[in-house]
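Content type PDB, C-alpha atoms and all ligand atoms, from the file coords_29.pdb:
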```
ATOM      1  CA  MET N  24      -3.512   5.969 -13.142
ATOM      2  CA  LEU N  25      -3.946   7.663  -9.751
ATOM      3  CA  ARG N  26      -3.879  11.420  -9.452
ATOM      4  CA  LEU N  27      -4.399  13.428  -6.270
ATOM      5  CA  ARG N  28      -4.641  17.178  -6.571
ATOM      6  CA  ASP N  29      -4.764  19.573  -3.644
ATOM      7  CA  VAL N  30      -5.989  16.816  -1.363
ATOM      8  CA  SER N  31      -6.580  17.378   2.316
ATOM      9  CA  ALA N  32      -7.926  14.891   4.826
ATOM     10  CA  GLY N  33      -8.141  14.275   8.540
ATOM     11  CA  TYR N  34     -10.271  13.172  11.415
ATOM     12  CA  GLY N  35     -11.737  16.380  12.804
ATOM     13  CA  ALA N  36     -11.730  20.078  12.121
ATOM     14  CA  ALA N  37      -8.041  20.490  11.249
ATOM     15  CA  PRO N  38      -6.775  18.436   8.271
ATOM     16  CA  MET N  39      -3.971  15.980   9.028
ATOM     17  CA  VAL N  40      -2.666  15.968   5.447
ATOM     18  CA  GLN N  41      -2.821  19.089   3.280
ATOM     19  CA  GLU N  42      -2.220  20.291  -0.286
ATOM     20  CA  ILE N  43      -1.233  16.825  -1.459
ATOM     21  CA  ASP N  44      -0.376  16.523  -5.166
ATOM     22  CA  LEU N  45       0.612  12.968  -5.997
ATOM     23  CA  ALA N  46       0.503  10.823  -9.120
ATOM     24  CA  VAL N  47       1.116   7.158  -9.838
ATOM     25  CA  GLU N  48       1.390   6.041 -13.471
ATOM     26  CA  THR N  49       0.306   2.618 -14.709
ATOM     27  CA  GLY N  50       2.967  -0.027 -14.073
ATOM     28  CA  GLU N  51       5.015   2.141 -11.719
ATOM     29  CA  CYS N  52       6.192   1.444  -8.200
ATOM     30  CA  VAL N  53       6.071   4.669  -6.195
ATOM     31  CA  ALA N  54       7.212   5.138  -2.594
ATOM     32  CA  LEU N  55       5.571   7.390  -0.028
ATOM     33  CA  LEU N  56       8.145   8.097   2.665
ATOM     34  CA  GLY N  57       7.859   9.889   5.953
ATOM     35  CA  PRO N  58       8.521   9.633   9.680
ATOM     36  CA  ASN N  59       6.063   8.531  12.399
ATOM     37  CA  GLY N  60       2.941  10.628  12.471
ATOM     38  CA  ALA N  61       3.601  12.341   9.118
ATOM     39  CA  GLY N  62       0.155  11.332   7.872
ATOM     40  CA  LYS N  63       1.042   8.429   5.562
ATOM     41  CA  SER N  64      -1.686   6.087   6.843
ATOM     42  CA  THR N  65      -4.149   8.984   6.911
ATOM     43  CA  LEU N  66      -3.457   9.562   3.213
ATOM     44  CA  MET N  67      -4.011   5.851   2.494
ATOM     45  CA  ALA N  68      -7.320   6.052   4.373
ATOM     46  CA  ALA N  69      -8.286   9.098   2.321
ATOM     47  CA  ILE N  70      -7.491   7.375  -0.995
ATOM     48  CA  THR N  71      -9.445   4.257  -0.037
ATOM     49  CA  GLY N  72     -12.383   6.236   1.359
ATOM     50  CA  THR N  73     -12.233   4.943   4.917
ATOM     51  CA  ILE N  74     -12.139   8.465   6.358
ATOM     52  CA  ALA N  75     -15.025  10.700   5.471
ATOM     53  CA  CYS N  76     -13.298  14.013   5.995
ATOM     54  CA  ARG N  77     -11.485  14.523   2.706
ATOM     55  CA  ALA N  78     -11.322  17.191   0.029
ATOM     56  CA  GLY N  79      -9.546  17.783  -3.284
ATOM     57  CA  GLU N  80      -9.331  15.684  -6.419
ATOM     58  CA  PHE N  81      -8.968  11.884  -6.249
ATOM     59  CA  VAL N  82      -8.947  10.450  -9.761
ATOM     60  CA  PHE N  83      -8.255   6.810 -10.585
ATOM     61  CA  ASP N  84      -8.337   5.702 -14.233
ATOM     62  CA  GLY N  85     -10.766   8.499 -15.027
ATOM     63  CA  SER N  86     -13.103   7.737 -12.086
ATOM     64  CA  ASP N  87     -13.590  10.347  -9.392
ATOM     65  CA  LEU N  88     -12.883   8.379  -6.208
ATOM     66  CA  GLY N  89     -13.807  11.377  -4.065
ATOM     67  CA  ARG N  90     -17.492  10.639  -4.593
ATOM     68  CA  LEU N  91     -17.246   6.912  -3.936
ATOM     69  CA  ARG N  92     -17.498   4.854  -0.782
ATOM     70  CA  SER N  93     -14.720   2.482   0.220
ATOM     71  CA  HIS N  94     -16.306  -0.702  -1.159
ATOM     72  CA  GLU N  95     -16.906   1.058  -4.483
ATOM     73  CA  ILE N  96     -13.258   2.135  -4.571
ATOM     74  CA  VAL N  97     -12.235  -1.525  -4.141
ATOM     75  CA  ARG N  98     -14.511  -2.371  -7.084
ATOM     76  CA  CYS N  99     -12.713   0.245  -9.192
ATOM     77  CA  GLY N 100      -9.474  -1.702  -8.694
ATOM     78  CA  VAL N 101      -7.735  -0.104  -5.699
ATOM     79  CA  ALA N 102      -6.846  -2.265  -2.674
ATOM     80  CA  LEU N 103      -4.989  -1.486   0.538
ATOM     81  CA  VAL N 104      -2.735  -3.738   2.587
ATOM     82  CA  PRO N 105      -3.203  -1.957   5.913
ATOM     83  CA  GLU N 106      -0.561  -1.043   8.432
ATOM     84  CA  GLY N 107      -0.230  -3.789  11.049
ATOM     85  CA  ARG N 108      -1.657  -6.450   8.656
ATOM     86  CA  LEU N 109      -5.038  -6.690  10.456
ATOM     87  CA  VAL N 110      -5.670 -10.315   9.573
ATOM     88  CA  PHE N 111      -8.655 -11.979  11.243
ATOM     89  CA  ALA N 112      -6.866 -14.116  13.830
ATOM     90  CA  PRO N 113      -9.398 -16.905  14.463
ATOM     91  CA  PHE N 114     -10.144 -17.406  10.758
ATOM     92  CA  SER N 115      -8.160 -19.712   8.499
ATOM     93  CA  ILE N 116      -5.944 -18.433   5.704
ATOM     94  CA  GLU N 117      -8.549 -19.562   3.204
ATOM     95  CA  ASP N 118     -11.357 -17.667   4.977
ATOM     96  CA  ASN N 119      -9.233 -14.523   5.343
ATOM     97  CA  LEU N 120      -8.571 -14.643   1.617
ATOM     98  CA  ARG N 121     -12.241 -15.223   0.826
ATOM     99  CA  LEU N 122     -13.116 -12.080   2.812
ATOM    100  CA  GLY N 123     -10.865 -10.123   0.470
ATOM    101  CA  ALA N 124     -12.968 -11.278  -2.465
ATOM    102  CA  VAL N 125     -16.376 -10.031  -1.316
ATOM    103  CA  ARG N 126     -16.289  -7.296  -3.966
ATOM    104  CA  LEU N 127     -14.910  -9.547  -6.704
ATOM    105  CA  ARG N 128     -17.058  -9.895  -9.809
ATOM    106  CA  GLY N 129     -17.116 -12.984 -12.016
ATOM    107  CA  GLY N 130     -18.481 -15.767  -9.792
ATOM    108  CA  HIS N 131     -16.745 -19.042  -8.950
ATOM    109  CA  GLY N 132     -14.359 -18.979 -11.888
ATOM    110  CA  ALA N 133     -12.956 -15.591 -10.912
ATOM    111  CA  LEU N 134     -12.699 -16.617  -7.249
ATOM    112  CA  ALA N 135     -10.809 -19.824  -8.093
ATOM    113  CA  GLU N 136      -8.458 -17.863 -10.365
ATOM    114  CA  ARG N 137      -7.714 -15.401  -7.534
ATOM    115  CA  PHE N 138      -6.981 -18.188  -5.027
ATOM    116  CA  GLU N 139      -4.614 -19.765  -7.531
ATOM    117  CA  PHE N 140      -2.898 -16.411  -8.188
ATOM    118  CA  VAL N 141      -2.316 -15.771  -4.459
ATOM    119  CA  TYR N 142      -1.215 -19.326  -3.686
ATOM    120  CA  ARG N 143       1.225 -19.262  -6.610
ATOM    121  CA  LEU N 144       2.654 -15.967  -5.351
ATOM    122  CA  PHE N 145       2.910 -17.234  -1.764
ATOM    123  CA  PRO N 146       3.281 -21.047  -1.730
ATOM    124  CA  ARG N 147       3.694 -20.850   2.067
ATOM    125  CA  LEU N 148       0.043 -19.791   2.327
ATOM    126  CA  ALA N 149      -1.053 -22.663   0.101
ATOM    127  CA  GLU N 150       0.674 -25.160   2.416
ATOM    128  CA  ARG N 151      -1.155 -23.752   5.448
ATOM    129  CA  ARG N 152      -4.553 -22.868   4.021
ATOM    130  CA  THR N 153      -6.566 -24.296   6.947
ATOM    131  CA  GLN N 154      -4.316 -22.797   9.651
ATOM    132  CA  ALA N 155      -5.722 -19.976  11.812
ATOM    133  CA  ALA N 156      -4.258 -16.624  10.785
ATOM    134  CA  GLY N 157      -3.432 -15.758  14.408
ATOM    135  CA  THR N 158      -1.008 -18.671  14.624
ATOM    136  CA  LEU N 159       1.035 -17.573  11.583
ATOM    137  CA  SER N 160       4.454 -15.931  11.850
ATOM    138  CA  GLY N 161       4.683 -12.183  11.265
ATOM    139  CA  GLY N 162       6.001 -12.740   7.737
ATOM    140  CA  GLU N 163       3.240 -15.198   6.897
ATOM    141  CA  GLN N 164       0.638 -12.764   8.250
ATOM    142  CA  GLN N 165       2.053 -10.074   5.994
ATOM    143  CA  MET N 166       1.834 -12.452   3.031
ATOM    144  CA  LEU N 167      -1.768 -13.144   4.005
ATOM    145  CA  ALA N 168      -2.569  -9.431   4.259
ATOM    146  CA  ILE N 169      -1.135  -8.887   0.770
ATOM    147  CA  GLY N 170      -2.948 -11.973  -0.509
ATOM    148  CA  ARG N 171      -6.238 -10.792   0.948
ATOM    149  CA  ALA N 172      -5.898  -7.437  -0.829
ATOM    150  CA  LEU N 173      -5.075  -9.241  -4.090
ATOM    151  CA  MET N 174      -8.292 -11.264  -3.880
ATOM    152  CA  SER N 175     -10.219  -8.220  -5.148
ATOM    153  CA  ALA N 176      -8.078  -8.244  -8.335
ATOM    154  CA  PRO N 177      -6.686  -4.724  -7.847
ATOM    155  CA  ARG N 178      -4.834  -2.844 -10.564
ATOM    156  CA  LEU N 179      -3.372  -0.497  -7.946
ATOM    157  CA  LEU N 180      -2.112  -1.973  -4.684
ATOM    158  CA  LEU N 181      -1.367   0.347  -1.756
ATOM    159  CA  LEU N 182       0.908  -1.157   0.898
ATOM    160  CA  ASP N 183       1.249   0.558   4.275
ATOM    161  CA  GLU N 184       4.659  -0.352   5.770
ATOM    162  CA  PRO N 185       4.649  -3.956   4.549
ATOM    163  CA  PHE N 186       8.160  -4.692   5.873
ATOM    164  CA  LEU N 187       7.680  -3.435   9.412
ATOM    165  CA  GLY N 188       9.031  -5.832  12.030
ATOM    166  CA  LEU N 189      10.130  -8.481   9.527
ATOM    167  CA  ALA N 190      13.494 -10.256   9.515
ATOM    168  CA  PRO N 191      15.644  -9.467   6.452
ATOM    169  CA  LEU N 192      15.117 -12.859   4.795
ATOM    170  CA  VAL N 193      11.327 -12.649   5.048
ATOM    171  CA  ALA N 194      11.367  -9.022   3.929
ATOM    172  CA  ALA N 195      13.400 -10.088   0.872
ATOM    173  CA  GLU N 196      10.843 -12.802   0.097
ATOM    174  CA  ILE N 197       8.046 -10.247   0.208
ATOM    175  CA  ARG N 198      10.056  -7.811  -1.888
ATOM    176  CA  ARG N 199      10.491 -10.483  -4.570
ATOM    177  CA  ALA N 200       6.755 -11.193  -4.487
ATOM    178  CA  LEU N 201       6.045  -7.478  -5.004
ATOM    179  CA  GLU N 202       8.440  -7.449  -7.972
ATOM    180  CA  ARG N 203       6.590 -10.417  -9.477
ATOM    181  CA  LEU N 204       3.309  -8.583  -8.922
ATOM    182  CA  ARG N 205       4.602  -5.609 -10.820
ATOM    183  CA  GLU N 206       5.705  -7.873 -13.666
ATOM    184  CA  ALA N 207       2.148  -9.211 -13.658
ATOM    185  CA  GLY N 208       0.915  -5.661 -14.269
ATOM    186  CA  VAL N 209      -0.060  -4.513 -10.769
ATOM    187  CA  THR N 210       0.850  -0.891 -10.006
ATOM    188  CA  LEU N 211       2.286  -0.291  -6.521
ATOM    189  CA  LEU N 212       2.300   2.567  -4.028
ATOM    190  CA  ILE N 213       4.413   1.594  -1.021
ATOM    191  CA  VAL N 214       4.398   3.488   2.269
ATOM    192  CA  GLU N 215       7.699   3.178   4.083
ATOM    193  CA  GLN N 216       9.719   4.960   6.737
ATOM    194  CA  LYS N 217      13.147   3.689   5.819
ATOM    195  CA  LEU N 218      14.812   5.208   2.776
ATOM    196  CA  ASP N 219      17.122   2.228   2.203
ATOM    197  CA  VAL N 220      14.155  -0.141   2.012
ATOM    198  CA  ALA N 221      11.965   1.930  -0.287
ATOM    199  CA  LEU N 222      14.384   3.551  -2.705
ATOM    200  CA  PRO N 223      15.672   0.393  -4.471
ATOM    201  CA  MET N 224      12.117  -0.754  -5.183
ATOM    202  CA  ALA N 225      10.546   2.424  -6.504
ATOM    203  CA  SER N 226      11.066   4.659  -9.518
ATOM    204  CA  ARG N 227       9.855   7.810  -7.776
ATOM    205  CA  ALA N 228       9.327   8.825  -4.178
ATOM    206  CA  TYR N 229       7.328  11.402  -2.288
ATOM    207  CA  VAL N 230       8.434  12.465   1.164
ATOM    208  CA  LEU N 231       5.594  13.407   3.484
ATOM    209  CA  ILE N 232       6.486  15.581   6.468
ATOM    210  CA  LYS N 233       3.917  16.909   8.909
ATOM    211  CA  GLY N 234       1.059  16.272   6.522
ATOM    212  CA  ARG N 235       2.615  17.903   3.451
ATOM    213  CA  ILE N 236       4.729  16.682   0.538
ATOM    214  CA  ALA N 237       8.156  18.102   1.354
ATOM    215  CA  LEU N 238      10.069  16.445  -1.486
ATOM    216  CA  HIS N 239       9.255  14.577  -4.696
ATOM    217  CA  ASP N 240      11.807  13.192  -7.129
ATOM    218  CA  SER N 241      13.037  10.102  -8.957
ATOM    219  CA  THR N 242      14.529   7.611  -6.533
ATOM    220  CA  ALA N 243      17.767   7.643  -8.557
ATOM    221  CA  ARG N 244      18.143  11.383  -7.947
ATOM    222  CA  ILE N 245      17.054  11.123  -4.320
ATOM    223  CA  ALA N 246      19.537   8.301  -3.682
ATOM    224  CA  ARG N 247      22.380  10.384  -5.191
ATOM    225  CA  ARG N 248      21.819  13.196  -2.732
ATOM    226  CA  GLU N 249      24.650  12.978  -0.278
ATOM    227  CA  ASP N 250      22.719  15.031   2.231
ATOM    228  CA  LEU N 251      19.776  12.665   2.010
ATOM    229  CA  ALA N 252      19.748  11.222   5.517
ATOM    230  CA  HIS N 253      20.498  14.640   6.941
ATOM    231  CA  LEU N 254      17.764  16.253   4.830
ATOM    232  CA  TYR N 255      15.222  13.609   5.780
ATOM    233  CA  PHE N 256      15.810  14.084   9.489
ATOM    234  CA  ALA N 257      16.070  17.852   9.186
ATOM    235  CA  LEU N 258      12.758  17.996   7.339
ATOM    236  CA  ALA N 259      11.180  15.771   9.962
ATOM    237  CA  ALA N 260      12.480  18.018  12.701
ATOM    238  CA  GLY N 261      11.198  21.077  10.862
ATOM    239  CA  GLN N 262      14.637  22.619  10.283
ATOM    240  CA  ALA N 263      14.887  22.428   6.492
TER     241      ALA N 263
HETATM  242  N1  LIG N 301      -8.483   7.843  14.047
HETATM  243  C1  LIG N 301      -7.794   8.944  14.333
HETATM  244  N2  LIG N 301      -8.381   9.984  15.003
HETATM  245  C2  LIG N 301      -7.692  11.124  15.252
HETATM  246  N3  LIG N 301      -6.398  11.318  14.926
HETATM  247  C3  LIG N 301      -5.768  10.330  14.293
HETATM  248  C4  LIG N 301      -6.423   9.085  13.959
HETATM  249  N4  LIG N 301      -5.534   8.299  13.327
HETATM  250  C5  LIG N 301      -4.381   8.993  13.257
HETATM  251  N5  LIG N 301      -4.522  10.207  13.818
HETATM  252  C6  LIG N 301      -3.470  11.243  13.932
HETATM  253  O1  LIG N 301      -3.076  11.632  12.632
HETATM  254  C7  LIG N 301      -1.675  11.925  12.623
HETATM  255  C8  LIG N 301      -1.040  11.174  11.459
HETATM  256  O2  LIG N 301      -1.124   9.779  11.743
HETATM  257  P1  LIG N 301      -0.810   8.660  10.667
HETATM  258  O3  LIG N 301      -1.184   7.362  11.268
HETATM  259  O4  LIG N 301      -1.432   9.013   9.364
HETATM  260  O5  LIG N 301       0.778   8.792  10.531
HETATM  261  P2  LIG N 301       1.798   7.831   9.803
HETATM  262  O6  LIG N 301       2.645   8.688   8.915
HETATM  263  O7  LIG N 301       1.089   6.711   9.167
HETATM  264  O8  LIG N 301       2.709   7.336  11.019
HETATM  265  P3  LIG N 301       3.375   5.877  11.299
HETATM  266  O9  LIG N 301       4.632   5.837  10.502
HETATM  267  O10 LIG N 301       3.664   5.909  12.757
HETATM  268  O11 LIG N 301       2.393   4.839  10.907
HETATM  269  C9  LIG N 301      -1.139  11.555  13.976
HETATM  270  O12 LIG N 301      -0.945  12.748  14.697
HETATM  271  C10 LIG N 301      -2.225  10.717  14.600
HETATM  272  O13 LIG N 301      -2.303  10.885  15.999
HETATM  273 MG    MG N 302       1.087   4.748   9.457
END
```

Could you rewrite the structure in this file as structure tokens?
Ligand SMILES: Nc1ncnc2c1ncn2[C@@H]1O[C@H](COP(=O)(O)OP(=O)(O)OP(=O)(O)O)[C@@H](O)[C@H]1O
Ligand SMILES: [Mg+2]
Amino acid sequence: MLRLRDVSAGYGAAPMVQEIDLAVETGECVALLGPNGAGKSTLMAAITGTIACRAGEFVFDGSDLGRLRSHEIVRCGVALVPEGRLVFAPFSIEDNLRLGAVRLRGGHGALAERFEFVYRLFPRLAERRTQAAGTLSGGEQQMLAIGRALMSAPRLLLLDEPFLGLAPLVAAEIRRALERLREAGVTLLIVEQKLDVALPMASRAYVLIKGRIALHDSTARIARREDLAHLYFALAAGQA
């Protein structure tokens, strides 16, 4: 579904991520792991076209995303739940969700169907639809950020550290929602720092260290590695 080949991207002269080969197949849940500053969010920005400085092959369902602008990439069916949620604090839940649908085709019928889909996935949002996003709890804001991305009817959802700062019970609620999304046919690429959070959810994982893919394997094989925690930290420290 998504295939990156020899991708590099960054903000200035020197690329922040380099020689990235990464694939996500339809229906999969893939994890992108890596420590602070590895370039995970930069790679998400490159896929979604929000940074201009990018090179290599970005192919999604046969379309070359490398030539498209970010709003066109959303139209192709790729949506990002950004790091830090970035909900619009003074706006209501309903208005935040509506903003996610600006690129949705299909008129009122499609919009109503999307609202129903998101409210069924997160009943807590339905109960609070007129509440200002800034007054929501962290977990509810994360639900809203995911809901907003879903309003564009994506087939591939990218989530940048969706569990960060959430209590275990809320994180579990969001994890269950992501599982339901996958059952509904949405393909997932989840950015995460913690191995124990990401590995049970995904079928394969890429480990990004200092802007490069240092390791790629099935999560079952990665989880069986007894040296995993050691390897992860050693890679991050540049010793492996
Ligand atoms: N807008 C920007 N301009 C210049 N450099 C940036 C910008 N955003 C990020 N960087 C740099 O790019 C590098 C990678 O950052 P990035 O946010 O992609 O890492 P990350 O893996 O997402 O880390 P974290 O887990 O902390 O979110 C960092 O050195 C960071 O300082
Ligand atoms: Mg990040």

At a cut-off of 9 Å, can you tabulate as CSV every residue of segment 150-235 of chain N near segment 116-120 of chain N together with its closest atom pair and the distance in Å to one decimal, using only C-alpha atoms and ordering rows by chain then number?
```
residue,atom,partner,partner_atom,distance
N:Arg151,CA,N:Ile116,CA,7.2
N:Arg152,CA,N:Ile116,CA,4.9
N:Thr153,CA,N:Ile116,CA,6.0
N:Gln154,CA,N:Ile116,CA,6.1
N:Ala155,CA,N:Ile116,CA,6.3
N:Ala156,CA,N:Ile116,CA,5.7
N:Leu167,CA,N:Ile116,CA,6.9
N:Ala168,CA,N:Leu120,CA,8.4
N:Gly170,CA,N:Leu120,CA,6.6
N:Arg171,CA,N:Leu120,CA,4.6
N:Ala172,CA,N:Leu120,CA,8.1
N:Leu173,CA,N:Leu120,CA,8.6
N:Met174,CA,N:Leu120,CA,6.5
```

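The residues caught by the PyMOL selection byres (((chain N and resi 213-229) around 6) and not hetatm) in this file are Cys52, Val53, Ala54, Leu55, Leu56, Gly57, Pro58, Leu181, Leu182, Asp183, Glu184, Leu212, Val230, Leu238, His239, Asp240, Ser241 and Thr242 of chain N.
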
Review point. List as a list in words: which residues have an atom within 9 Å of (-2.4, -16.7, 13.2), counting all atoms listed in the file?
Key: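 Here the neighbourhood of the point contains Val110, Phe111, Ala112, Pro113, Phe114, Ser115, Ile116, Gln154, Ala155, Ala156, Gly157, Thr158, Leu159, Ser160, Gly161, Glu163 and Gln164 of chain N.
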
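A straight line drawn from atom CA of Leu88 of chain N to atom C8 of ligand LIG 301 (chain N) is 21.5 Å long.
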
Exercise for review: Give the residues close to ligand LIG 301 (chain N), within 12 Å, counting only C-alpha atoms and all ligand atoms; write them as an NGL selection string.
Suggested key: :N and (32-41 or 55-69 or 73-76 or 105-107 or 182-185 or 187 or 213-217 or 230-236 or 259)

Practice item. Using only C-alpha atoms and all ligand atoms, pick whichever of N:Val104, N:Arg92, N:Phe83, N:Arg28 has the shortest atom-to-atom distance to ligand MG 302 (chain N). Key: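 The shortest atom-to-atom distance to ligand MG 302 (chain N) comes from N:Val104.
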
Exercise for review: Tell me which of N:Gly89, N:Gly123, N:Pro146, N:Gly130 sits closest to Arg26 of chain N, counting only C-alpha atoms.
Suggested key: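 Nearest candidate to Arg26 of chain N out of N:Gly89, N:Gly123, N:Pro146, N:Gly130: N:Gly89.
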
Review point. If you count all atoms listed in the file, which residues fall within 8 Å of segment 191-200 of chain N, apart from same-chain ones fewer than 2 positions away, as a list of chain:residue names?
Key: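 Once the nearby chain positions are removed, what remains is N:Leu144, N:Phe145, N:Gly162, N:Met166, N:Phe186, N:Leu189, N:Glu202, N:Arg203, N:Leu204.
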
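Considering the residues N:Ala102, N:Thr71, N:Leu251, N:Leu258 and counting all atoms listed in the file, Leu179 of chain N has its shortest atom-to-atom contact with N:Ala102.
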
Point to revise | Pairwise distance for atom CA of Ala243 of chain N and atom CA of Glu206 of chain N, rounded to one decimal in Å | key: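 Taking atom CA of Ala243 of chain N as the start and atom CA of Glu206 of chain N as the end point, the length is 20.3 Å.
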
Point to revise | Shell of 7 Å around Ser175 of chain N, all atoms listed in the file, local chain residues under 5 positions omitted, as an MDAnalysis selection string | key: chainID N and resid 123:124 126:127

Check your understanding: How many Å lie between atom CA of Arg178 of chain N and atom CA of Gly85 of chain N, rounded to one decimal?
Key -> 13.6 Å

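Across N:Glu139, N:Ala252, N:Ala190, N:Leu25, the tightest approach to Asp84 of chain N is made by N:Leu25 when counting all atoms listed in the file.
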